[in-house]
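With TSV, C-alpha atoms and all ligand atoms inside, this is coords.tsv:
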chain	number	residue	atom	x	y	z
A	1	MET	CA	100.26	138.92	124.55
A	2	VAL	CA	98.71	137.04	121.62
A	3	LYS	CA	96.53	134.17	122.80
A	4	ARG	CA	97.77	130.80	121.62
A	5	ARG	CA	95.10	129.12	119.58
A	6	ILE	CA	94.03	125.53	120.12
A	7	ASN	CA	94.95	123.30	117.20
A	8	ILE	CA	93.63	119.81	116.65
A	9	ALA	CA	95.57	117.83	114.04
A	10	LEU	CA	93.47	115.09	112.50
A	11	ASP	CA	95.39	112.84	110.15
A	12	GLY	CA	94.67	109.51	108.54
A	13	PRO	CA	94.20	107.68	105.25
A	14	SER	CA	91.43	108.39	102.76
A	15	GLY	CA	88.00	107.06	103.68
A	16	SER	CA	88.79	106.88	107.39
A	17	GLY	CA	85.94	109.26	108.13
A	18	LYS	CA	88.37	112.05	109.00
A	19	SER	CA	86.42	114.83	107.37
A	20	THR	CA	83.10	113.78	108.94
A	21	LEU	CA	84.82	113.58	112.31
A	22	ALA	CA	86.61	116.90	111.79
A	23	LYS	CA	83.39	118.71	110.83
A	24	ASN	CA	81.55	117.29	113.85
A	25	LEU	CA	84.37	118.07	116.26
A	26	ALA	CA	84.64	121.61	114.94
A	27	ARG	CA	80.90	122.10	115.40
A	28	GLU	CA	80.90	120.65	118.93
A	29	LEU	CA	83.85	122.81	120.00
A	30	GLY	CA	83.07	125.95	117.99
A	31	PHE	CA	86.34	125.63	116.08
A	32	VAL	CA	87.06	126.28	112.41
A	33	TYR	CA	87.19	123.19	110.17
A	34	ILE	CA	90.04	123.08	107.66
A	35	ASP	CA	90.17	120.42	104.95
A	36	THR	CA	93.76	120.51	103.71
A	37	GLY	CA	93.12	117.80	101.09
A	38	ALA	CA	91.08	120.44	99.23
A	39	LEU	CA	94.28	122.46	98.75
A	40	TYR	CA	96.10	119.51	97.12
A	41	ARG	CA	93.02	118.71	95.06
A	42	THR	CA	92.92	122.31	93.82
A	43	VAL	CA	96.57	122.16	92.73
A	44	GLY	CA	95.70	118.86	91.02
A	45	LEU	CA	92.77	120.50	89.24
A	46	PHE	CA	94.97	123.31	87.97
A	47	VAL	CA	97.61	120.81	86.80
A	48	ALA	CA	94.89	118.85	84.95
A	49	GLU	CA	93.50	122.02	83.40
A	50	HIS	CA	96.94	122.75	82.03
A	51	GLY	CA	96.90	119.38	80.27
A	52	PHE	CA	99.54	117.65	82.41
A	53	GLU	CA	99.29	114.02	83.49
A	54	PRO	CA	98.87	113.39	87.27
A	55	GLY	CA	102.41	112.07	87.73
A	56	ASP	CA	104.09	114.91	85.81
A	57	ALA	CA	106.05	116.51	88.67
A	58	ALA	CA	107.75	119.07	86.41
A	59	GLY	CA	104.34	120.03	85.02
A	60	ALA	CA	103.00	120.50	88.55
A	61	VAL	CA	105.97	122.68	89.52
A	62	SER	CA	105.55	124.77	86.36
A	63	VAL	CA	101.97	125.79	87.19
A	64	LEU	CA	102.81	126.90	90.74
A	65	SER	CA	104.31	130.20	89.65
A	66	HIS	CA	100.96	131.30	88.24
A	67	THR	CA	98.77	129.70	90.92
A	68	LYS	CA	97.33	131.74	93.74
A	69	ILE	CA	95.49	129.54	96.19
A	70	THR	CA	93.87	131.04	99.25
A	71	MET	CA	91.57	129.80	101.94
A	72	ARG	CA	88.86	132.10	103.23
A	73	LEU	CA	86.79	131.42	106.29
A	74	ILE	CA	83.13	131.20	105.37
A	75	ASP	CA	80.41	129.72	107.65
A	76	GLY	CA	82.93	128.21	110.07
A	77	GLY	CA	84.94	126.43	107.41
A	78	GLY	CA	87.79	127.16	105.00
A	79	LYS	CA	86.72	127.68	101.39
A	80	VAL	CA	89.39	127.33	98.73
A	81	PHE	CA	89.89	129.92	96.01
A	82	LEU	CA	92.03	129.61	92.93
A	83	GLY	CA	92.61	133.25	92.15
A	84	THR	CA	89.09	134.65	92.41
A	85	ARG	CA	87.42	131.39	91.46
A	86	GLU	CA	85.70	129.54	94.30
A	87	ILE	CA	86.47	125.83	94.18
A	88	GLY	CA	83.60	123.39	94.77
A	89	GLY	CA	82.58	119.87	93.81
A	90	GLU	CA	84.83	119.70	90.74
A	91	ILE	CA	87.73	118.56	92.95
A	92	ARG	CA	85.74	115.65	94.44
A	93	THR	CA	86.01	113.20	91.54
A	94	PRO	CA	88.07	109.97	91.46
A	95	GLU	CA	90.24	111.61	88.77
A	96	MET	CA	91.03	114.55	91.05
A	97	SER	CA	91.75	112.15	93.93
A	98	ARG	CA	94.46	110.65	91.76
A	99	TYR	CA	95.81	114.04	90.69
A	100	ALA	CA	95.84	115.23	94.31
A	101	SER	CA	97.65	112.15	95.53
A	102	ASP	CA	100.29	112.51	92.82
A	103	VAL	CA	100.88	116.26	93.13
A	104	SER	CA	101.10	115.87	96.90
A	105	LYS	CA	104.32	113.88	96.43
A	106	VAL	CA	106.04	116.87	94.87
A	107	PRO	CA	108.11	118.74	97.51
A	108	GLU	CA	107.55	122.13	95.84
A	109	VAL	CA	103.78	121.63	96.02
A	110	ARG	CA	103.92	120.81	99.74
A	111	GLU	CA	106.15	123.81	100.38
A	112	PHE	CA	103.80	126.01	98.35
A	113	LEU	CA	100.82	125.07	100.56
A	114	LEU	CA	102.62	125.04	103.92
A	115	GLU	CA	102.26	128.64	105.03
A	116	THR	CA	98.58	128.87	104.00
A	117	GLN	CA	97.85	126.05	106.44
A	118	ARG	CA	100.03	127.36	109.28
A	119	GLU	CA	98.65	130.87	109.03
A	120	ILE	CA	95.05	129.72	109.49
A	121	ALA	CA	96.06	127.62	112.51
A	122	ARG	CA	97.94	130.54	114.07
A	123	GLU	CA	94.92	132.78	113.89
A	124	ASN	CA	92.09	130.39	114.73
A	125	ASP	CA	91.13	127.47	116.93
A	126	VAL	CA	91.09	124.78	114.24
A	127	VAL	CA	90.38	121.18	113.54
A	128	MET	CA	92.69	120.58	110.60
A	129	ASP	CA	92.28	117.42	108.59
A	130	GLY	CA	95.04	116.00	106.39
A	131	ARG	CA	97.92	113.55	106.27
A	132	ASP	CA	100.90	115.41	107.76
A	133	ILE	CA	99.25	117.92	110.06
A	134	GLY	CA	100.56	116.40	113.28
A	135	THR	CA	103.98	115.54	111.85
A	136	VAL	CA	104.87	118.54	109.65
A	137	ILE	CA	102.34	121.36	109.48
A	138	LEU	CA	101.45	121.73	113.17
A	139	PRO	CA	104.01	119.71	115.15
A	140	LYS	CA	103.02	121.65	118.27
A	141	ALA	CA	99.28	121.00	117.97
A	142	GLN	CA	97.85	120.42	121.44
A	143	VAL	CA	95.77	117.46	120.24
A	144	LYS	CA	96.78	114.96	117.54
A	145	ILE	CA	94.52	112.18	116.43
A	146	PHE	CA	95.33	109.65	113.71
A	147	VAL	CA	92.04	108.21	112.47
A	148	THR	CA	92.11	104.95	110.65
A	149	ALA	CA	89.98	101.94	109.68
A	150	SER	CA	90.46	98.76	107.68
A	151	PRO	CA	90.77	99.25	103.88
A	152	GLU	CA	87.51	97.31	103.40
A	153	ALA	CA	85.57	99.50	105.85
A	154	ARG	CA	86.99	102.64	104.23
A	155	ALA	CA	86.25	101.45	100.68
A	156	GLU	CA	82.69	100.57	101.67
A	157	ARG	CA	82.11	104.09	103.01
A	158	ARG	CA	83.69	105.81	100.04
A	159	TYR	CA	81.72	103.58	97.62
A	160	LYS	CA	78.42	104.57	99.28
A	161	GLU	CA	79.38	108.25	99.11
A	162	LEU	CA	80.21	108.06	95.40
A	163	VAL	CA	77.02	106.15	94.56
A	164	GLU	CA	74.99	108.76	96.46
A	165	LYS	CA	76.65	111.44	94.34
A	166	GLY	CA	75.61	109.52	91.21
A	167	GLU	CA	79.12	108.35	90.25
A	168	LYS	CA	79.22	105.07	88.29
A	169	THR	CA	81.67	102.79	90.04
A	170	THR	CA	81.98	99.42	91.78
A	171	TYR	CA	83.12	98.50	95.29
A	172	GLU	CA	86.07	96.59	93.81
A	173	GLU	CA	87.16	99.64	91.82
A	174	VAL	CA	86.93	101.86	94.90
A	175	LEU	CA	88.89	99.36	97.03
A	176	ALA	CA	91.63	99.06	94.38
A	177	ASP	CA	91.83	102.85	94.13
A	178	MET	CA	92.01	103.15	97.90
A	179	LEU	CA	94.81	100.59	98.19
A	180	TRP	CA	96.71	102.45	95.45
A	181	ARG	CA	96.26	105.77	97.27
A	182	ASP	CA	97.24	104.26	100.65
A	183	LYS	CA	100.48	103.07	99.16
A	184	ASN	CA	101.11	106.30	97.28
A	185	ASP	CA	100.36	108.49	100.33
A	186	SER	CA	102.12	106.45	103.01
A	187	SER	CA	105.24	105.31	101.16
A	188	ARG	CA	106.25	108.68	99.71
A	189	GLU	CA	109.51	110.11	100.96
A	190	ILE	CA	108.15	113.50	101.88
A	191	ALA	CA	105.54	113.94	104.63
A	192	PRO	CA	104.13	110.41	104.43
A	193	CYS	CA	100.76	109.65	105.98
A	194	VAL	CA	101.92	108.17	109.30
A	195	PRO	CA	100.90	108.93	112.89
A	196	ALA	CA	102.98	111.51	114.76
A	197	LYS	CA	104.83	110.04	117.75
A	198	ASP	CA	102.51	111.87	120.12
A	199	ALA	CA	99.28	111.14	118.21
A	200	VAL	CA	96.47	109.01	119.58
A	201	VAL	CA	95.45	106.37	117.02
A	202	LEU	CA	91.69	106.03	116.71
A	203	ASP	CA	90.56	102.96	114.73
A	204	ASN	CA	86.91	103.40	113.83
A	205	SER	CA	86.40	100.27	111.67
A	206	LYS	CA	83.66	99.18	114.04
A	207	LEU	CA	82.48	102.58	115.27
A	208	GLY	CA	79.64	104.72	113.98
A	209	ILE	CA	79.94	108.49	113.51
A	210	LYS	CA	78.66	109.40	116.99
A	211	GLU	CA	80.90	106.89	118.72
A	212	THR	CA	83.90	108.18	116.78
A	213	VAL	CA	83.10	111.80	117.68
A	214	ASP	CA	82.64	110.84	121.35
A	215	ALA	CA	85.99	109.01	121.36
A	216	ALA	CA	87.71	112.05	119.82
A	217	LEU	CA	86.05	114.43	122.30
A	218	GLU	CA	87.33	112.26	125.13
A	219	ILE	CA	90.86	112.46	123.71
A	220	PHE	CA	90.47	116.24	123.37
A	221	HIS	CA	89.26	116.73	126.97
A	222	LYS	CA	92.01	114.52	128.36
A	223	LYS	CA	94.64	116.64	126.60
A	224	VAL	CA	93.19	120.10	126.90
A	225	GLY	CA	90.88	119.87	129.90
A	226	ALA	CA	87.17	120.52	130.08
B	1	LIG	O1	91.95	114.18	102.12
B	1	LIG	P1	91.81	114.04	100.60
B	1	LIG	O2	91.44	112.66	100.16
B	1	LIG	O3	90.91	115.07	100.02
B	1	LIG	O4	93.30	114.33	100.04
B	1	LIG	C1	93.61	114.23	98.68
B	1	LIG	C2	95.07	113.87	98.52
B	1	LIG	O5	95.89	114.94	98.97
B	1	LIG	C3	95.53	112.64	99.29
B	1	LIG	O6	95.60	111.50	98.43
B	1	LIG	C4	96.89	112.98	99.83
B	1	LIG	C5	97.01	114.46	99.69
B	1	LIG	N1	97.10	115.16	100.97
B	1	LIG	C6	98.35	115.30	101.54
B	1	LIG	O7	99.31	114.78	101.01
B	1	LIG	N2	98.49	116.01	102.68
B	1	LIG	C7	97.43	116.57	103.28
B	1	LIG	N3	97.61	117.27	104.39
B	1	LIG	C8	96.14	116.42	102.73
B	1	LIG	C9	96.00	115.70	101.57
Structure translated into structure tokens:
Amino acid sequence: MVKRRINIALDGPSGSGKSTLAKNLARELGFVYIDTGALYRTVGLFVAEHGFEPGDAAGAVSVLSHTKITMRLIDGGGKVFLGTREIGGEIRTPEMSRYASDVSKVPEVREFLLETQREIARENDVVMDGRDIGTVILPKAQVKIFVTASPEARAERRYKELVEKGEKTTYEEVLADMLWRDKNDSSREIAPCVPAKDAVVLDNSKLGIKETVDAALEIFHKKVGA
């Protein structure tokens, strides 16, 4: 009999500290960390490289037929490849955040990326971070956590990250962008960013990284056992 893998679905809005939490949880538990946003960002990159605007749904659909996106497990995490090209920091810009958010509203794009995500979760114990992991991708995940924080706390964190990377931006710009993305990601018809019915909501507005990881580990142990 094939052993059922343990899947942790970690959803939440941008800047909620999901990816930091997911990486830490994966390390603590010896699980594989999967950043599904990177898949949408990679589709966005390809759409941009074909000269389409972010909101051009037909343009996004047209590139899918010649897009091959795979995720390979390297050093305990999923690395995204577009064909043979390894994708890195080029998808982490504010422009690509916008492209990713827009292409993620296109049903064909979501369908295109669905099986890649499920396959990894079938074969590995994973902490999968995204927006619809607990609701759509892995509805049977043993543990579902919806991480959130106030828009101001999230914008502050994202602003610091961008400044550290040398991006020229302001807090106000980051906050406006975040509010736009929140609306775009949570009000879309398909797979909106909302907690699954059986998810535990973890608000970390006032928690540091360690406290957030400890809270998530407690949720994990309650659900799965020691
Ligand atoms: O997690 P992120 O900021 O890298 O995600 C980029 C965009 O991709 C985000 O605005 C919404 C979309 N996304 C999604 O719709 N579903 C996911 N599972 C992950 C990301």
Close residues to ligand LIG 1 (chain B) using only C-alpha atoms and all ligand atoms, limit 8 Å, as a PDB file with C-alpha atoms, in the coordinates of the input:
ATOM      1  CA  ASP A  11      95.390 112.840 110.150  1.00  0.00           C
ATOM      2  CA  PRO A  13      94.200 107.680 105.250  1.00  0.00           C
ATOM      3  CA  SER A  14      91.430 108.390 102.760  1.00  0.00           C
ATOM      4  CA  GLY A  15      88.000 107.060 103.680  1.00  0.00           C
ATOM      5  CA  SER A  19      86.420 114.830 107.370  1.00  0.00           C
ATOM      6  CA  ASP A  35      90.170 120.420 104.950  1.00  0.00           C
ATOM      7  CA  THR A  36      93.760 120.510 103.710  1.00  0.00           C
ATOM      8  CA  GLY A  37      93.120 117.800 101.090  1.00  0.00           C
ATOM      9  CA  ALA A  38      91.080 120.440  99.230  1.00  0.00           C
ATOM     10  CA  LEU A  39      94.280 122.460  98.750  1.00  0.00           C
ATOM     11  CA  TYR A  40      96.100 119.510  97.120  1.00  0.00           C
ATOM     12  CA  ARG A  41      93.020 118.710  95.060  1.00  0.00           C
ATOM     13  CA  ARG A  92      85.740 115.650  94.440  1.00  0.00           C
ATOM     14  CA  SER A  97      91.750 112.150  93.930  1.00  0.00           C
ATOM     15  CA  ARG A  98      94.460 110.650  91.760  1.00  0.00           C
ATOM     16  CA  TYR A  99      95.810 114.040  90.690  1.00  0.00           C
ATOM     17  CA  ALA A 100      95.840 115.230  94.310  1.00  0.00           C
ATOM     18  CA  SER A 101      97.650 112.150  95.530  1.00  0.00           C
ATOM     19  CA  ASP A 102     100.290 112.510  92.820  1.00  0.00           C
ATOM     20  CA  VAL A 103     100.880 116.260  93.130  1.00  0.00           C
ATOM     21  CA  SER A 104     101.100 115.870  96.900  1.00  0.00           C
ATOM     22  CA  LYS A 105     104.320 113.880  96.430  1.00  0.00           C
ATOM     23  CA  ARG A 110     103.920 120.810  99.740  1.00  0.00           C
ATOM     24  CA  ASP A 129      92.280 117.420 108.590  1.00  0.00           C
ATOM     25  CA  GLY A 130      95.040 116.000 106.390  1.00  0.00           C
ATOM     26  CA  ARG A 131      97.920 113.550 106.270  1.00  0.00           C
ATOM     27  CA  ASP A 132     100.900 115.410 107.760  1.00  0.00           C
ATOM     28  CA  ILE A 133      99.250 117.920 110.060  1.00  0.00           C
ATOM     29  CA  ARG A 181      96.260 105.770  97.270  1.00  0.00           C
ATOM     30  CA  ASP A 182      97.240 104.260 100.650  1.00  0.00           C
ATOM     31  CA  ASN A 184     101.110 106.300  97.280  1.00  0.00           C
ATOM     32  CA  ASP A 185     100.360 108.490 100.330  1.00  0.00           C
ATOM     33  CA  ALA A 191     105.540 113.940 104.630  1.00  0.00           C
ATOM     34  CA  PRO A 192     104.130 110.410 104.430  1.00  0.00           C
ATOM     35  CA  CYS A 193     100.760 109.650 105.980  1.00  0.00           C
TER      36      CYS A 193
END
field: Residue with smallest distance to Glu86 (chain A) - pool A:Met128, A:Val136, A:Ile74, A:Ile145, counting only C-alpha atoms
entry: A:Ile74
task: Would you work out the distance separating CA of Pro195 (chain A) from CA of Ser150 (chain A), expressed in Å to one decimal?
output: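 According to the coordinates, CA of Pro195 (chain A) and CA of Ser150 (chain A) are separated by 15.5 Å.
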task: Find the distance between CA of Val47 (chain A) and CA of Ala60 (chain A) and write it in Å to one decimal.
output: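 If I compute the distance from CA of Val47 (chain A) to CA of Ala60 (chain A), I get 5.7 Å.
Omitting Thr212 (chain A) and its sequence neighbours fewer than 5 positions away, and counting all atoms listed in the file, the residues within 10 Å are Gly17, Lys18, Thr20, Leu21, Asn24, Leu25, Val147, Leu202, Asp203, Asn204, Ser205, Lys206, Leu207, Leu217 and Glu218 of chain A.
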- prompt: Hey, can you check how far CA of Gly77 (chain A) sits from CA of Ile34 (chain A)?
  reply: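 According to the coordinates, CA of Gly77 (chain A) and CA of Ile34 (chain A) are separated by 6.1 Å.
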- request: Select, counting only C-alpha atoms, all protein, DNA and RNA residues no farther than 10 Å from (90.5, 130.9, 103.2) in file coordinates, and express the selection as a PyMOL selection string.
  value: chain A and resi 34+69-74+77-81+116-117+120
For Val127 (chain A), the nearest of the candidates A:Val143, A:Ala57, A:Leu114, A:Leu162, counting all atoms listed in the file: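 So, comparing all the options, the nearest one is A:Val143.
If you measure from each of A:Val163, A:Ile137, A:Ala196, A:Val106 to Ala121 (chain A) using all atoms listed in the file, the closest one turns out to be A:Ile137.
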Rebuild region 32-48 of chain A so that it carries N, CA, C and O atoms, then output the result as an mmCIF file, in the coordinates of the input.
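Output file part_37.cif follows:
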data_model
loop_
_atom_site.group_PDB
_atom_site.id
_atom_site.type_symbol
_atom_site.label_atom_id
_atom_site.label_comp_id
_atom_site.auth_asym_id
_atom_site.auth_seq_id
_atom_site.Cartn_x
_atom_site.Cartn_y
_atom_site.Cartn_z
ATOM 1 N N VAL A 32 87.132 126.192 113.871
ATOM 2 C CA VAL A 32 87.060 126.280 112.410
ATOM 3 C C VAL A 32 87.524 124.927 111.827
ATOM 4 O O VAL A 32 88.500 124.352 112.302
ATOM 5 N N TYR A 33 86.808 124.457 110.818
ATOM 6 C CA TYR A 33 87.190 123.190 110.170
ATOM 7 C C TYR A 33 88.005 123.475 108.904
ATOM 8 O O TYR A 33 87.558 124.212 108.027
ATOM 9 N N ILE A 34 89.185 122.881 108.840
ATOM 10 C CA ILE A 34 90.040 123.080 107.660
ATOM 11 C C ILE A 34 90.360 121.745 106.995
ATOM 12 O O ILE A 34 90.982 120.867 107.588
ATOM 13 N N ASP A 35 89.937 121.634 105.737
ATOM 14 C CA ASP A 35 90.170 120.420 104.950
ATOM 15 C C ASP A 35 91.392 120.685 104.053
ATOM 16 O O ASP A 35 91.286 121.336 103.021
ATOM 17 N N THR A 36 92.560 120.187 104.478
ATOM 18 C CA THR A 36 93.760 120.510 103.710
ATOM 19 C C THR A 36 93.848 119.714 102.403
ATOM 20 O O THR A 36 94.529 120.130 101.466
ATOM 21 N N GLY A 37 93.134 118.578 102.348
ATOM 22 C CA GLY A 37 93.120 117.800 101.090
ATOM 23 C C GLY A 37 92.588 118.656 99.942
ATOM 24 O O GLY A 37 93.012 118.510 98.792
ATOM 25 N N ALA A 38 91.658 119.586 100.280
ATOM 26 C CA ALA A 38 91.080 120.440 99.230
ATOM 27 C C ALA A 38 92.156 121.299 98.568
ATOM 28 O O ALA A 38 92.064 121.628 97.382
ATOM 29 N N LEU A 39 93.194 121.646 99.331
ATOM 30 C CA LEU A 39 94.280 122.460 98.750
ATOM 31 C C LEU A 39 95.053 121.634 97.717
ATOM 32 O O LEU A 39 95.362 122.112 96.622
ATOM 33 N N TYR A 40 95.371 120.381 98.073
ATOM 34 C CA TYR A 40 96.100 119.510 97.120
ATOM 35 C C TYR A 40 95.222 119.189 95.915
ATOM 36 O O TYR A 40 95.697 119.120 94.783
ATOM 37 N N ARG A 41 93.935 118.987 96.167
ATOM 38 C CA ARG A 41 93.020 118.710 95.060
ATOM 39 C C ARG A 41 92.950 119.907 94.107
ATOM 40 O O ARG A 41 92.834 119.752 92.889
ATOM 41 N N THR A 42 92.998 121.114 94.664
ATOM 42 C CA THR A 42 92.920 122.310 93.820
ATOM 43 C C THR A 42 94.183 122.452 92.971
ATOM 44 O O THR A 42 94.105 122.793 91.782
ATOM 45 N N VAL A 43 95.341 122.148 93.553
ATOM 46 C CA VAL A 43 96.570 122.160 92.730
ATOM 47 C C VAL A 43 96.420 121.111 91.629
ATOM 48 O O VAL A 43 96.713 121.366 90.458
ATOM 49 N N GLY A 44 95.901 119.934 92.000
ATOM 50 C CA GLY A 44 95.700 118.860 91.020
ATOM 51 C C GLY A 44 94.790 119.302 89.880
ATOM 52 O O GLY A 44 95.065 119.047 88.702
ATOM 53 N N LEU A 45 93.725 120.010 90.242
ATOM 54 C CA LEU A 45 92.770 120.500 89.240
ATOM 55 C C LEU A 45 93.472 121.441 88.258
ATOM 56 O O LEU A 45 93.300 121.357 87.034
ATOM 57 N N PHE A 46 94.281 122.320 88.800
ATOM 58 C CA PHE A 46 94.970 123.310 87.970
ATOM 59 C C PHE A 46 95.980 122.615 87.042
ATOM 60 O O PHE A 46 96.124 122.974 85.874
ATOM 61 N N VAL A 47 96.648 121.593 87.591
ATOM 62 C CA VAL A 47 97.610 120.810 86.800
ATOM 63 C C VAL A 47 96.858 120.112 85.648
ATOM 64 O O VAL A 47 97.290 120.132 84.491
ATOM 65 N N ALA A 48 95.692 119.529 85.972
ATOM 66 C CA ALA A 48 94.890 118.850 84.950
ATOM 67 C C ALA A 48 94.416 119.846 83.892
ATOM 68 O O ALA A 48 94.457 119.565 82.690
#
